[in-house]
Amino acid sequence: MKKLFLSLFLIPCSLLAQMSEDTILIKGRDIQEVEVSAIRVQQTTLSHNVTKNEVLNRDNTGQNLPYLLSTTPGLQVTSDDGLGVGYTYFRVRGTDHTRINMTVNDVPLNDGESQTVFWVNMTDMASSLSQIDVQRGVGTSTNGSASFGASLNMQTGHRDTVSHFTLGFNGGMYNTFREMASAHIVLPCHWLVNARFSKVNSDGFLYRTKSDLYSYYGDIGWYGRQTQIVARVFGGNEKTGMGWEGVSYDVAYGRNGADRRYNPAGEYTMPDSKGNDSIVYYPNQTDNYAQQHAQVALTHRFTPQWSLNATLHYTHGGGYYEQYKKKKYSYWGLADSGKSYGLYQKWLENHFFGVVVSAKFISENTDAQFGAAANNYMGQHWGILDYLAKPSETILPVHYEYYRNNANKIDANGYAKANWRIINRAQEKLSLYGDLQYRFIRYTMAGINDEDMSELPLTKDFHFFNPKAGLTYQNRGHLLSASFAIANREPSRSNYTENLHYSPEEDTYYGKMPEAETLYDYELGYQYAHARFNIGVNLYFMDYDNQLVLTGEYNDVGKYLTTNVKDSYRMGAELTAAVKITDWFKWEGNMVVSRNKIQHYKQYIDLYDDQNNWNWIGQDSIVGDVTIAFSPTITAMSLFTFEYAGFLGSVQTNVTSQQFLDNTMDIAAMLKAYTTTNVNLQYSLPLKKWISDRQGVPDLKLLCQINNIFNAKFASNGGAEASRFADGSRCAWYYAQAGINVHAGFVVQW
């Protein structure tokens, strides 16, 4: 059936796309004329949105980038600290962040092994972005990890024709502060410089989830008539308190007088002066990480039709997290029986480097792009045990290293894509788009698996072919698009380490070897754009083979466990609308209605008597078609914007329906539906009107951001063990998010 569906769809879809063209033109006293065109060959669809810097940073008060993308259809966001300042995660169409392709200036940003992005060490990155391109679904060919739900392509640097400087400050509840300074300098002889430094601190909504963050960005570029060379450096450092252990339902939702800010991380008991046990918390239960990026990019235009882009890049990252926690001795590779509180650190260090090259051809009716990339990731992981509350029978050295493993990942790809405008009139355009990509991955691991202390010899090769095709028709405000794409994705590091146990005696693995997954993505969209309003609908059907789905369980650092399922799908309708009510008042909104199912699913559930004794009494099983975990049926967004005489106000409401914490469809393991409303108020003071001598007078903007103004008590993430108690309850946990929180500040630019 799938092959028949595929063949019927491909006949009319040899596909189309329009390219987006950004032309940079710099003029000044010392710069005669510089012109560089950056053109991306991709299909024009309703599932593709570009957000410029000004809009992206309108609500920026220190939250991580995913929160600034909350107007994107089908996007959900959550954070460990409840405020969005610490570790932050997001999903698009129910697909989690480890399966979303993210690049900066076309350089892969996803970590080579975990396949995610750690936004916490890139705080305030939005301030250095010129734009961000979000494509839902598979999207056009790009570099790095597979796009299984969306792709984010970020472009950095500002290329204004006049120098300017910016200072920003805001402070708010839970001791949250953001300071930012940036400069854009136009130099003689075609040189441009951008620089930024940001500092963000917060106590976090949850107790002991304090964040101490900083980040930086800098670039220097020479822009000639046919050539541009840009060198970039950016990075950041983070120290955050842990908030990934989750809390009970009552605590997360504030029931029965529970304190929603409660955080169990680092909790243990200790006798007080009277000999009674009292609860105390280890003070350095923290995560510490730093990352640095360097890029050198060359663009050269040979002719008006042909241009070449090449980028060399290098990324270094390293850090550790520290915990005081009760574990079995075997967790640290010790033969003793029983458990003990231990103080231990898990370290990692990685290097990522490579080259990205693309050539582009532009003509009146045809655009083509050819690209290739070769990247190498090298990572090391090791653990150090510093203290045991109950000493081990084994004599341990100081700073005992209880495991070490390393990994190497080679990732190379080549692609060719083209856009052919069959009809290219002023009011009518018909385009075909085609995109072919080959991707090769070799992933090797060696050393001791920190999950079970077994050896970890593993080498896996993957060869992926990812074709895409699309068709677009535009006529007098009407846009009709159709596309089909195939994407393949390799398992991540934890998919192997969490599911496999290696026996050196038998030279074999026990457990279920994770398999690569394949996605067949069908999209059909229509939009009508008028001077005063626009409406659109995009239908998608994402058919998976061997999808790695979240089980709801997680490991000791909050990483969710997964398993392959043979047949599953996501299908839905994305509705968008906007209306310009007056010249100073507008509304825009979207709603996504979806169905997300695993077919022929089977899972065993352990049964216990109660949560006090945990006596095993048998097993139950779930069989049939089930809803995929963390996949709400409905998400919606509404945004009112008022702009008049220097005043800007917006009211944004996001709605998320209920969603299950695992694949059992059990209401005892479910996130309740929630609605949040944020209000943003800004006023630009007319200083240049008030001061007669306007030379050197800065622009001053005052801002106030009120998040969750109706103080909704909600949880946006959680998990559940594969077990059930005799009374029908589950061992489930939730991540409480902040109620109403207010932030205010100013931005000065001159």
# chains A, B, ... in the order shown; residues from 1 in each chain; ligands from 1
>>> residues_around(residues="Thr140 (chain A)", least_positions_apart="4", cutoff="8 Å", atoms="only C-alpha atoms", output="list in words")
Gln42, Gln43, Asp435 and Lys468 of chain A
>>> write_last_selection(atoms="C-alpha atoms", output="PDB file, in the first residue's frame")
ATOM      1  CA  GLN A  42      14.241  25.577  -1.809  1.00  0.00           C
ATOM      2  CA  GLN A  43      10.553  25.129  -2.263  1.00  0.00           C
ATOM      3  CA  ASP A 435      16.366  17.465  -4.506  1.00  0.00           C
ATOM      4  CA  LYS A 468      12.668  15.183  -2.357  1.00  0.00           C
TER       5      LYS A 468
END
>>> residues_around(residues="region 336-344 of chain A", least_positions_apart="6", cutoff="7 Å", atoms="only C-alpha atoms", output="ChimeraX atom specification")
/A:322-329,384-390,392-393
>>> residues_around(residues="Phe541 (chain A)", least_positions_apart="4", cutoff="9 Å", atoms="only C-alpha atoms", output="list of chain:residue names")
A:Tyr520, A:Asp521, A:Tyr522, A:Glu523, A:Tyr569, A:Arg570, A:Met571, A:Gly572
>>> write_last_selection(atoms="N, CA and C atoms", output="compact mmCIF listing (two decimals), in the first residue's frame")
# COMPACT_ATOMS: atom_id res chain seq x y z
N TYR A 520 8.63 8.95 5.36
CA TYR A 520 8.04 9.36 4.09
C TYR A 520 7.09 10.52 4.39
N ASP A 521 7.45 11.70 3.92
CA ASP A 521 6.73 12.91 4.29
C ASP A 521 5.96 13.46 3.09
N TYR A 522 4.63 13.50 3.20
CA TYR A 522 3.75 14.04 2.16
C TYR A 522 3.16 15.36 2.66
N GLU A 523 3.23 16.41 1.86
CA GLU A 523 2.71 17.72 2.25
C GLU A 523 1.89 18.31 1.10
N TYR A 569 2.72 6.70 12.33
CA TYR A 569 2.51 7.85 11.46
C TYR A 569 2.06 9.06 12.27
N ARG A 570 2.27 10.22 11.67
CA ARG A 570 1.72 11.48 12.15
C ARG A 570 1.00 12.13 10.97
N MET A 571 -0.22 12.55 11.18
CA MET A 571 -0.95 13.24 10.13
C MET A 571 -1.71 14.40 10.76
N GLY A 572 -1.83 15.48 9.99
CA GLY A 572 -2.50 16.63 10.58
C GLY A 572 -2.77 17.72 9.58
>>> select_by_dssp(residues="region 378-452 of chain A", states="strand (DSSP E or B)", output="PyMOL selection string")
chain A and resi 378-388+400-424+428-448
>>> residues_around(residues="Ser47 (chain A)", least_positions_apart="5", cutoff="10 Å", atoms="only C-alpha atoms", output="PDB file with N, CA and C atoms, in the first residue's frame")
ATOM      1  N   THR A  72       5.438  29.532  15.996  1.00  0.00           N
ATOM      2  CA  THR A  72       5.528  28.499  14.965  1.00  0.00           C
ATOM      3  C   THR A  72       4.418  27.469  15.148  1.00  0.00           C
ATOM      4  N   PRO A  73       3.674  27.132  14.094  1.00  0.00           N
ATOM      5  CA  PRO A  73       2.614  26.128  14.240  1.00  0.00           C
ATOM      6  C   PRO A  73       3.151  24.794  14.748  1.00  0.00           C
ATOM      7  N   VAL A 134      12.693  28.414   9.620  1.00  0.00           N
ATOM      8  CA  VAL A 134      12.121  27.209  10.218  1.00  0.00           C
ATOM      9  C   VAL A 134      11.309  26.483   9.150  1.00  0.00           C
ATOM     10  N   GLN A 135      11.679  25.241   8.872  1.00  0.00           N
ATOM     11  CA  GLN A 135      10.929  24.401   7.940  1.00  0.00           C
ATOM     12  C   GLN A 135      10.367  23.212   8.717  1.00  0.00           C
ATOM     13  N   ARG A 136       9.071  23.052   8.674  1.00  0.00           N
ATOM     14  CA  ARG A 136       8.441  21.899   9.312  1.00  0.00           C
ATOM     15  C   ARG A 136       8.429  20.729   8.327  1.00  0.00           C
ATOM     16  N   GLY A 137       8.462  19.526   8.870  1.00  0.00           N
ATOM     17  CA  GLY A 137       8.568  18.367   8.003  1.00  0.00           C
ATOM     18  C   GLY A 137      10.024  18.107   7.659  1.00  0.00           C
ATOM     19  N   VAL A 138      10.264  17.440   6.537  1.00  0.00           N
ATOM     20  CA  VAL A 138      11.633  17.092   6.149  1.00  0.00           C
ATOM     21  C   VAL A 138      12.394  18.312   5.644  1.00  0.00           C
ATOM     22  N   GLY A 139      11.800  19.117   4.792  1.00  0.00           N
ATOM     23  CA  GLY A 139      12.464  20.317   4.305  1.00  0.00           C
ATOM     24  C   GLY A 139      13.518  20.027   3.261  1.00  0.00           C
ATOM     25  N   ALA A 150      11.418  18.911  11.787  1.00  0.00           N
ATOM     26  CA  ALA A 150      11.613  20.293  11.365  1.00  0.00           C
ATOM     27  C   ALA A 150      13.102  20.522  11.185  1.00  0.00           C
ATOM     28  N   SER A 481       0.900  24.323  -3.115  1.00  0.00           N
ATOM     29  CA  SER A 481       2.158  23.578  -3.099  1.00  0.00           C
ATOM     30  C   SER A 481       1.902  22.128  -2.711  1.00  0.00           C
ATOM     31  N   GLU A 523       3.228  16.408   1.859  1.00  0.00           N
ATOM     32  CA  GLU A 523       2.709  17.720   2.250  1.00  0.00           C
ATOM     33  C   GLU A 523       1.888  18.310   1.099  1.00  0.00           C
ATOM     34  N   LEU A 524       0.759  18.932   1.450  1.00  0.00           N
ATOM     35  CA  LEU A 524      -0.094  19.595   0.469  1.00  0.00           C
ATOM     36  C   LEU A 524      -0.643  20.862   1.108  1.00  0.00           C
ATOM     37  N   GLY A 525      -0.372  22.020   0.494  1.00  0.00           N
ATOM     38  CA  GLY A 525      -0.766  23.270   1.121  1.00  0.00           C
ATOM     39  C   GLY A 525      -1.410  24.251   0.162  1.00  0.00           C
ATOM     40  N   VAL A 537      -3.908  26.576   4.667  1.00  0.00           N
ATOM     41  CA  VAL A 537      -4.012  25.256   5.274  1.00  0.00           C
ATOM     42  C   VAL A 537      -2.923  24.381   4.674  1.00  0.00           C
ATOM     43  N   ASN A 538      -2.238  23.652   5.523  1.00  0.00           N
ATOM     44  CA  ASN A 538      -1.210  22.712   5.084  1.00  0.00           C
ATOM     45  C   ASN A 538      -1.532  21.338   5.668  1.00  0.00           C
ATOM     46  N   LEU A 539      -1.677  20.351   4.803  1.00  0.00           N
ATOM     47  CA  LEU A 539      -1.952  18.979   5.223  1.00  0.00           C
ATOM     48  C   LEU A 539      -0.668  18.173   5.147  1.00  0.00           C
ATOM     49  N   TYR A 540      -0.401  17.374   6.173  1.00  0.00           N
ATOM     50  CA  TYR A 540       0.809  16.549   6.138  1.00  0.00           C
ATOM     51  C   TYR A 540       0.487  15.128   6.584  1.00  0.00           C
ATOM     52  N   GLU A 574      -2.463  21.961   9.401  1.00  0.00           N
ATOM     53  CA  GLU A 574      -1.952  23.191   9.983  1.00  0.00           C
ATOM     54  C   GLU A 574      -2.707  24.361   9.365  1.00  0.00           C
TER      55      GLU A 574
END
>>> closest_residue(among="A:Asn488, A:Thr459, A:Ser151, A:Asn237", to="Lys199 (chain A)", atoms="only C-alpha atoms")
A:Asn237
>>> residues_around(residues="region 652-669 of chain A", least_positions_apart="5", cutoff="6 Å", atoms="only C-alpha atoms", output="PDB file with C-alpha atoms, in the first residue's frame")
ATOM      1  CA  THR A 551       8.828   5.211  25.968  1.00  0.00           C
ATOM      2  CA  GLY A 552       8.345   7.762  28.752  1.00  0.00           C
ATOM      3  CA  ILE A 628       2.474   8.339  20.355  1.00  0.00           C
ATOM      4  CA  ALA A 629       3.792   9.824  23.598  1.00  0.00           C
ATOM      5  CA  PHE A 630       4.108  13.631  23.842  1.00  0.00           C
ATOM      6  CA  SER A 631       1.885  14.210  20.819  1.00  0.00           C
ATOM      7  CA  PRO A 632      -1.036  16.551  21.570  1.00  0.00           C
ATOM      8  CA  ILE A 634      -4.432  20.180  19.178  1.00  0.00           C
ATOM      9  CA  THR A 635      -2.033  23.090  19.471  1.00  0.00           C
ATOM     10  CA  ALA A 636      -3.044  26.671  18.730  1.00  0.00           C
ATOM     11  CA  MET A 637      -1.608  30.177  18.853  1.00  0.00           C
ATOM     12  CA  SER A 638      -3.226  33.630  18.778  1.00  0.00           C
ATOM     13  CA  LEU A 639      -1.285  36.910  18.574  1.00  0.00           C
ATOM     14  CA  TYR A 674      -2.797  23.994  29.325  1.00  0.00           C
ATOM     15  CA  THR A 675      -3.110  27.560  28.054  1.00  0.00           C
ATOM     16  CA  THR A 676      -0.630  30.374  28.599  1.00  0.00           C
ATOM     17  CA  THR A 677      -0.930  34.061  27.714  1.00  0.00           C
ATOM     18  CA  ASN A 678       2.015  36.452  27.491  1.00  0.00           C
ATOM     19  CA  GLY A 719       7.706  10.805  32.163  1.00  0.00           C
ATOM     20  CA  SER A 729      -2.008   4.654  39.778  1.00  0.00           C
ATOM     21  CA  ARG A 730       1.320   5.064  37.987  1.00  0.00           C
ATOM     22  CA  ALA A 732       4.865   9.243  36.859  1.00  0.00           C
TER      23      ALA A 732
END
>>> residues_around(residues="region 401-404 of chain A", least_positions_apart="2", cutoff="6 Å", atoms="only C-alpha atoms", output="VMD selection string")
chain A and resid 332 381 to 384 447 to 448
>>> residues_around(residues="Glu238 (chain A)", least_positions_apart="3", cutoff="7 Å", atoms="only C-alpha atoms", output="list in words")
Val120, Asn121, Asp212, Leu213, Tyr214, Asn288, Tyr289 and Ala290 of chain A
>>> write_last_selection(atoms="C-alpha atoms", output="JSON list (two decimals), in the first residue's frame")
[["chain", "number", "residue", "atom", "x", "y", "z"],
["A", 120, "VAL", "CA", 21.78, 26.77, 27.71],
["A", 121, "ASN", "CA", 25.40, 27.33, 26.63],
["A", 212, "ASP", "CA", 24.92, 31.51, 35.60],
["A", 213, "LEU", "CA", 25.38, 31.96, 31.84],
["A", 214, "TYR", "CA", 27.32, 34.05, 29.39],
["A", 288, "ASN", "CA", 28.81, 22.78, 33.89],
["A", 289, "TYR", "CA", 29.58, 23.10, 30.19],
["A", 290, "ALA", "CA", 31.37, 25.42, 27.77]]
>>> closest_residue(among="A:Ser248, A:Ala487, A:Ala416, A:Leu681", to="Asp59 (chain A)", atoms="only C-alpha atoms")
A:Leu681
>>> atom_distance(atom1="CA of Ser568 (chain A)", atom2="CA of Asn596 (chain A)")
7.7 Å
>>> atom_distance(atom1="CA of Gln682 (chain A)", atom2="CA of Gly745 (chain A)")
9.6 Å
>>> closest_residue(among="A:Ser79, A:Thr44, A:Ser307, A:Thr240", to="Ala715 (chain A)", atoms="only C-alpha atoms")
A:Ser79
>>> closest_residue(among="A:Trp584, A:Phe90, A:Pro686, A:Thr71", to="Tyr644 (chain A)", atoms="only C-alpha atoms")
A:Trp584
>>> closest_residue(among="A:Thr45, A:Thr161, A:Asn309, A:Asn60", to="His478 (chain A)", atoms="only C-alpha atoms")
A:Thr45
>>> closest_atom_pairs(of="region 434-511 of chain A", to="region 361-378 of chain A", cutoff="12 Å", atoms="only C-alpha atoms", output="JSON lines")
{"residue": "A:Gly434", "atom": "CA", "partner": "A:Ala368", "partner_atom": "CA", "distance": 9.5}
{"residue": "A:Asp435", "atom": "CA", "partner": "A:Gln369", "partner_atom": "CA", "distance": 9.3}
{"residue": "A:Leu436", "atom": "CA", "partner": "A:Phe370", "partner_atom": "CA", "distance": 9.8}
{"residue": "A:Gln437", "atom": "CA", "partner": "A:Gly371", "partner_atom": "CA", "distance": 9.2}
{"residue": "A:Tyr438", "atom": "CA", "partner": "A:Ala372", "partner_atom": "CA", "distance": 9.4}
{"residue": "A:Arg439", "atom": "CA", "partner": "A:Ala373", "partner_atom": "CA", "distance": 9.4}
{"residue": "A:Phe440", "atom": "CA", "partner": "A:Ala374", "partner_atom": "CA", "distance": 9.5}
{"residue": "A:Ile441", "atom": "CA", "partner": "A:Asn375", "partner_atom": "CA", "distance": 9.8}
{"residue": "A:Arg442", "atom": "CA", "partner": "A:Asn376", "partner_atom": "CA", "distance": 9.7}
{"residue": "A:Tyr443", "atom": "CA", "partner": "A:Tyr377", "partner_atom": "CA", "distance": 9.3}
{"residue": "A:Thr444", "atom": "CA", "partner": "A:Met378", "partner_atom": "CA", "distance": 9.8}
{"residue": "A:Met445", "atom": "CA", "partner": "A:Met378", "partner_atom": "CA", "distance": 10.1}
{"residue": "A:Ala446", "atom": "CA", "partner": "A:Met378", "partner_atom": "CA", "distance": 11.8}
>>> write_last_selection(atoms="N, CA and C atoms", output="mmCIF file, in the first residue's frame")
data_model
loop_
_atom_site.group_PDB
_atom_site.id
_atom_site.type_symbol
_atom_site.label_atom_id
_atom_site.label_comp_id
_atom_site.auth_asym_id
_atom_site.auth_seq_id
_atom_site.Cartn_x
_atom_site.Cartn_y
_atom_site.Cartn_z
ATOM 1 N N GLY A 434 13.303 19.665 -7.444
ATOM 2 C CA GLY A 434 13.850 18.334 -7.217
ATOM 3 C C GLY A 434 15.087 18.421 -6.343
ATOM 4 N N ASP A 435 15.300 17.407 -5.506
ATOM 5 C CA ASP A 435 16.366 17.465 -4.506
ATOM 6 C C ASP A 435 16.811 16.034 -4.215
ATOM 7 N N LEU A 436 18.082 15.731 -4.464
ATOM 8 C CA LEU A 436 18.632 14.404 -4.222
ATOM 9 C C LEU A 436 19.827 14.532 -3.281
ATOM 10 N N GLN A 437 19.853 13.722 -2.224
ATOM 11 C CA GLN A 437 20.956 13.757 -1.270
ATOM 12 C C GLN A 437 21.407 12.347 -0.927
ATOM 13 N N TYR A 438 22.731 12.184 -0.876
ATOM 14 C CA TYR A 438 23.325 10.947 -0.357
ATOM 15 C C TYR A 438 24.088 11.298 0.915
ATOM 16 N N ARG A 439 23.917 10.491 1.965
ATOM 17 C CA ARG A 439 24.573 10.749 3.246
ATOM 18 C C ARG A 439 25.218 9.467 3.759
ATOM 19 N N PHE A 440 26.472 9.595 4.212
ATOM 20 C CA PHE A 440 27.212 8.460 4.766
ATOM 21 C C PHE A 440 27.606 8.781 6.201
ATOM 22 N N ILE A 441 27.418 7.810 7.107
ATOM 23 C CA ILE A 441 27.805 7.956 8.508
ATOM 24 C C ILE A 441 28.585 6.717 8.930
ATOM 25 N N ARG A 442 29.711 6.922 9.566
ATOM 26 C CA ARG A 442 30.416 5.834 10.249
ATOM 27 C C ARG A 442 30.559 6.231 11.707
ATOM 28 N N TYR A 443 29.975 5.435 12.588
ATOM 29 C CA TYR A 443 29.941 5.740 14.010
ATOM 30 C C TYR A 443 30.624 4.612 14.763
ATOM 31 N N THR A 444 31.673 4.945 15.518
ATOM 32 C CA THR A 444 32.394 3.943 16.289
ATOM 33 C C THR A 444 32.430 4.366 17.754
ATOM 34 N N MET A 445 32.343 3.370 18.641
ATOM 35 C CA MET A 445 32.460 3.581 20.076
ATOM 36 C C MET A 445 33.376 2.515 20.647
ATOM 37 N N ALA A 446 34.125 2.874 21.688
ATOM 38 C CA ALA A 446 35.005 1.924 22.359
ATOM 39 C C ALA A 446 35.180 2.369 23.802
#
